[in-house]
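Below is one structure, written out as C-alpha cells; the observations come after it.
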Amino acid sequence: MEETPAVKANLLKYAKYMTMIMLLLVLGQAMTGVGGATDTGLALTASHTYSAMLGMMLAIATVGLIMASKTEDKKLKGFGFEILTMWLVMYGLGEVSVAVDHKFSMIHAAVGLIMFARLMMMVKAFPTEEAQ
C-alpha cells in the first residue's frame, strides 16, 4: 500500500494570506489605474507598475506554496495557476496598452474585475482550520 503524503497546512495558510494580499493589491491597482488615467495631478503610474510586479511575484510564490503543501485539491491548484496566468496577462496588457497609447485599457480593466472575483473565490477554496 502506498501512503498519501500529509498535507502541510501551514503552507496552505501562508498561501491563503498571500491570496488575500493579492486581493488587496487588485483593489489598489484599480485605484492607481483610474487615478493615473485621469487628470489628478498625481504620479500614480510607477505605483501601478510596481504593485503589478509585486502581484506577479506573490502569485508565483502562492503557486509554489500550494504545490509544496502536497494538497490533492485540484480546484485549489487550478485557482493558483489561473491567478498566476491572469497576473501575467494583466501585466502584458498593461505594458502593451502604454506602448500603443492606452488602446487596451478597457480590456485591462475588465480582466482586473474578473481577477478580483476569481481571487475572492480562491480565498474561499482554501481549507478552513476547523476542517482539519
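Identifiers for the C-alpha cells are assigned positionally: chains receive A, B, ... in sequence, residues are indexed from 1 per chain, and ligands are indexed from 1 in the order shown.
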Skip Leu42 of chain A itself and residues of its chain fewer than 6 positions away, then list as a PDB file with C-alpha atoms, in the first residue's frame all residues within 12 Å of it, counting only C-alpha atoms.
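Final file, result33.pdb:
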```
ATOM      1  CA  MET A  31      -7.407  52.903  -7.686  1.00  0.00           C
ATOM      2  CA  THR A  32      -3.993  53.750  -9.096  1.00  0.00           C
ATOM      3  CA  GLY A  33      -5.052  52.759 -12.610  1.00  0.00           C
ATOM      4  CA  VAL A  34      -8.071  55.039 -12.630  1.00  0.00           C
ATOM      5  CA  GLY A  35      -6.133  57.770 -10.857  1.00  0.00           C
ATOM      6  CA  GLY A  36      -3.313  57.508 -13.383  1.00  0.00           C
ATOM      7  CA  HIS A  48       0.640  50.912 -10.594  1.00  0.00           C
TER       8      HIS A  48
END
```
Exercise. Which residues in segment 13-91 of chain A does DSSP call alpha helix (DSSP H)? List them as number ranges by chain.
Worked result: A: 13-37, 45-68, 74-91
For this session: Could you give me, as number ranges by chain, the residues within 10 Å of Glu72 of chain A, counting only C-alpha atoms and dropping anything in the same chain fewer than 2 positions from it?
Result: A: 4-7, 66-67, 69-70, 74-77
For the residues selected in the previous step, produce a file with C-alpha atoms as a PDB file, in the first residue's frame.
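Result file is result00.pdb:
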```
ATOM      1  CA  THR A   4      -0.522   9.607   0.600  1.00  0.00           C
ATOM      2  CA  PRO A   5       1.741  12.388   1.838  1.00  0.00           C
ATOM      3  CA  ALA A   6       0.368  14.555   4.620  1.00  0.00           C
ATOM      4  CA  VAL A   7      -0.846  17.961   3.563  1.00  0.00           C
ATOM      5  CA  ILE A  66       0.224  25.310  -2.938  1.00  0.00           C
ATOM      6  CA  MET A  67       2.328  22.775  -4.821  1.00  0.00           C
ATOM      7  CA  SER A  69       1.911  21.703   0.504  1.00  0.00           C
ATOM      8  CA  LYS A  70       1.230  18.421  -1.305  1.00  0.00           C
ATOM      9  CA  LYS A  74      -7.272  20.139  -7.868  1.00  0.00           C
ATOM     10  CA  LYS A  75      -9.590  23.121  -7.585  1.00  0.00           C
ATOM     11  CA  LEU A  76      -7.077  24.989  -5.431  1.00  0.00           C
ATOM     12  CA  LYS A  77      -4.194  24.107  -7.747  1.00  0.00           C
TER      13      LYS A  77
END
```
Problem set entry | Non-local contacts of Val63 of chain A (12 Å; only C-alpha atoms; under 2 positions in same chain excluded) as number ranges by chain | A: 11-12, 14-16, 18-19, 56-61, 65-71, 76-85, 122
Next, write the just-selected residues to a file, as a short mmCIF file (atom, residue, chain, number, x, y, z; two decimals), in the first residue's frame, keeping N, CA and C atoms as the atom set.
```
data_model
loop_
_atom_site.label_atom_id
_atom_site.label_comp_id
_atom_site.auth_asym_id
_atom_site.auth_seq_id
_atom_site.Cartn_x
_atom_site.Cartn_y
_atom_site.Cartn_z
N LEU A 11 1.71 25.70 5.01
CA LEU A 11 1.98 26.27 3.69
C LEU A 11 0.70 26.77 3.03
N LEU A 12 -0.39 26.02 3.22
CA LEU A 12 -1.67 26.47 2.67
C LEU A 12 -2.16 27.73 3.38
N TYR A 14 -0.22 30.10 4.61
CA TYR A 14 0.55 31.22 4.06
C TYR A 14 0.10 31.56 2.64
N ALA A 15 -0.25 30.54 1.87
CA ALA A 15 -0.75 30.79 0.51
C ALA A 15 -2.08 31.55 0.56
N LYS A 16 -2.91 31.23 1.55
CA LYS A 16 -4.18 31.94 1.70
C LYS A 16 -3.92 33.40 2.06
N MET A 18 -1.30 35.15 1.28
CA MET A 18 -0.79 35.80 0.07
C MET A 18 -1.92 36.09 -0.91
N THR A 19 -2.90 35.20 -0.97
CA THR A 19 -4.05 35.43 -1.83
C THR A 19 -4.83 36.65 -1.36
N MET A 56 2.63 39.78 -9.32
CA MET A 56 3.14 38.62 -10.06
C MET A 56 4.05 37.77 -9.18
N MET A 57 4.91 38.41 -8.40
CA MET A 57 5.80 37.65 -7.52
C MET A 57 5.00 36.90 -6.44
N LEU A 58 3.96 37.54 -5.91
CA LEU A 58 3.11 36.86 -4.93
C LEU A 58 2.37 35.68 -5.55
N ALA A 59 1.94 35.83 -6.81
CA ALA A 59 1.25 34.73 -7.49
C ALA A 59 2.19 33.55 -7.70
N ILE A 60 3.43 33.84 -8.07
CA ILE A 60 4.42 32.76 -8.24
C ILE A 60 4.66 32.06 -6.91
N ALA A 61 4.83 32.84 -5.85
CA ALA A 61 5.06 32.26 -4.52
C ALA A 61 3.84 31.46 -4.05
N LEU A 65 3.78 27.59 -2.99
CA LEU A 65 3.33 27.10 -1.68
C LEU A 65 2.22 26.06 -1.81
N ILE A 66 1.31 26.28 -2.74
CA ILE A 66 0.22 25.31 -2.94
C ILE A 66 0.79 23.97 -3.40
N MET A 67 1.74 24.03 -4.32
CA MET A 67 2.33 22.77 -4.82
C MET A 67 3.19 22.11 -3.74
N ALA A 68 3.92 22.90 -2.96
CA ALA A 68 4.78 22.34 -1.91
C ALA A 68 3.98 21.77 -0.75
N SER A 69 2.73 22.20 -0.60
CA SER A 69 1.91 21.70 0.50
C SER A 69 1.45 20.27 0.27
N LYS A 70 1.62 19.79 -0.93
CA LYS A 70 1.23 18.42 -1.31
C LYS A 70 -0.27 18.17 -1.16
N THR A 71 -1.06 19.20 -1.41
CA THR A 71 -2.51 19.04 -1.36
C THR A 71 -2.99 18.32 -2.62
N LEU A 76 -8.00 24.01 -5.99
CA LEU A 76 -7.08 24.99 -5.43
C LEU A 76 -5.85 25.15 -6.33
N LYS A 77 -5.34 24.04 -6.82
CA LYS A 77 -4.19 24.11 -7.75
C LYS A 77 -4.58 24.87 -9.02
N GLY A 78 -5.77 24.60 -9.52
CA GLY A 78 -6.24 25.30 -10.71
C GLY A 78 -6.37 26.79 -10.49
N PHE A 79 -6.92 27.17 -9.33
CA PHE A 79 -7.02 28.60 -8.99
C PHE A 79 -5.65 29.25 -8.95
N GLY A 80 -4.68 28.55 -8.36
CA GLY A 80 -3.33 29.11 -8.26
C GLY A 80 -2.72 29.40 -9.61
N PHE A 81 -2.80 28.43 -10.51
CA PHE A 81 -2.23 28.64 -11.85
C PHE A 81 -3.05 29.65 -12.65
N GLU A 82 -4.36 29.68 -12.41
CA GLU A 82 -5.20 30.66 -13.10
C GLU A 82 -4.83 32.08 -12.70
N ILE A 83 -4.64 32.30 -11.40
CA ILE A 83 -4.30 33.64 -10.93
C ILE A 83 -2.92 34.05 -11.43
N LEU A 84 -1.98 33.13 -11.44
CA LEU A 84 -0.66 33.45 -11.99
C LEU A 84 -0.77 33.84 -13.46
N THR A 85 -1.55 33.10 -14.22
CA THR A 85 -1.75 33.42 -15.63
C THR A 85 -2.42 34.78 -15.80
N MET A 122 -10.97 32.08 -4.81
CA MET A 122 -9.80 31.32 -4.39
C MET A 122 -9.64 31.35 -2.87
#
```
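Taking atom CA of Met86 of chain A and atom CA of Gly55 of chain A as endpoints, the distance between them is 10.3 Å.
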For this session: Kindly give the distance, in Å, that separates atom CA of Gly92 of chain A and atom CA of Met106 of chain A, rounded to a single decimal.
Result: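 Computing it gives 13.8 Å between the two atoms.
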Problem set entry | Computed interatomic separation between atom CA of Leu24 of chain A and atom CA of Phe116 of chain A (Å) |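 Atom CA of Leu24 of chain A sits 9.0 Å away from atom CA of Phe116 of chain A.
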For this session: Go through A:Arg118, A:Lys13, A:Lys8, A:Lys124 one by one, measure the shortest atom-to-atom distance of each to Trp87 of chain A using only C-alpha atoms, and give the residue with the smallest value.
Result: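 Looking at the shortest contact to Trp87 of chain A, the residue is A:Arg118.
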For this session: Identify, on the basis of only C-alpha atoms, every residue whose closest approach to Glu95 of chain A does not exceed 12 Å; exclude the query and any residue fewer than 6 positions from it along the same chain; express the result as a PyMOL selection string.
Result: chain A and resi 45+48-49+52-53+88-89+101-105+108
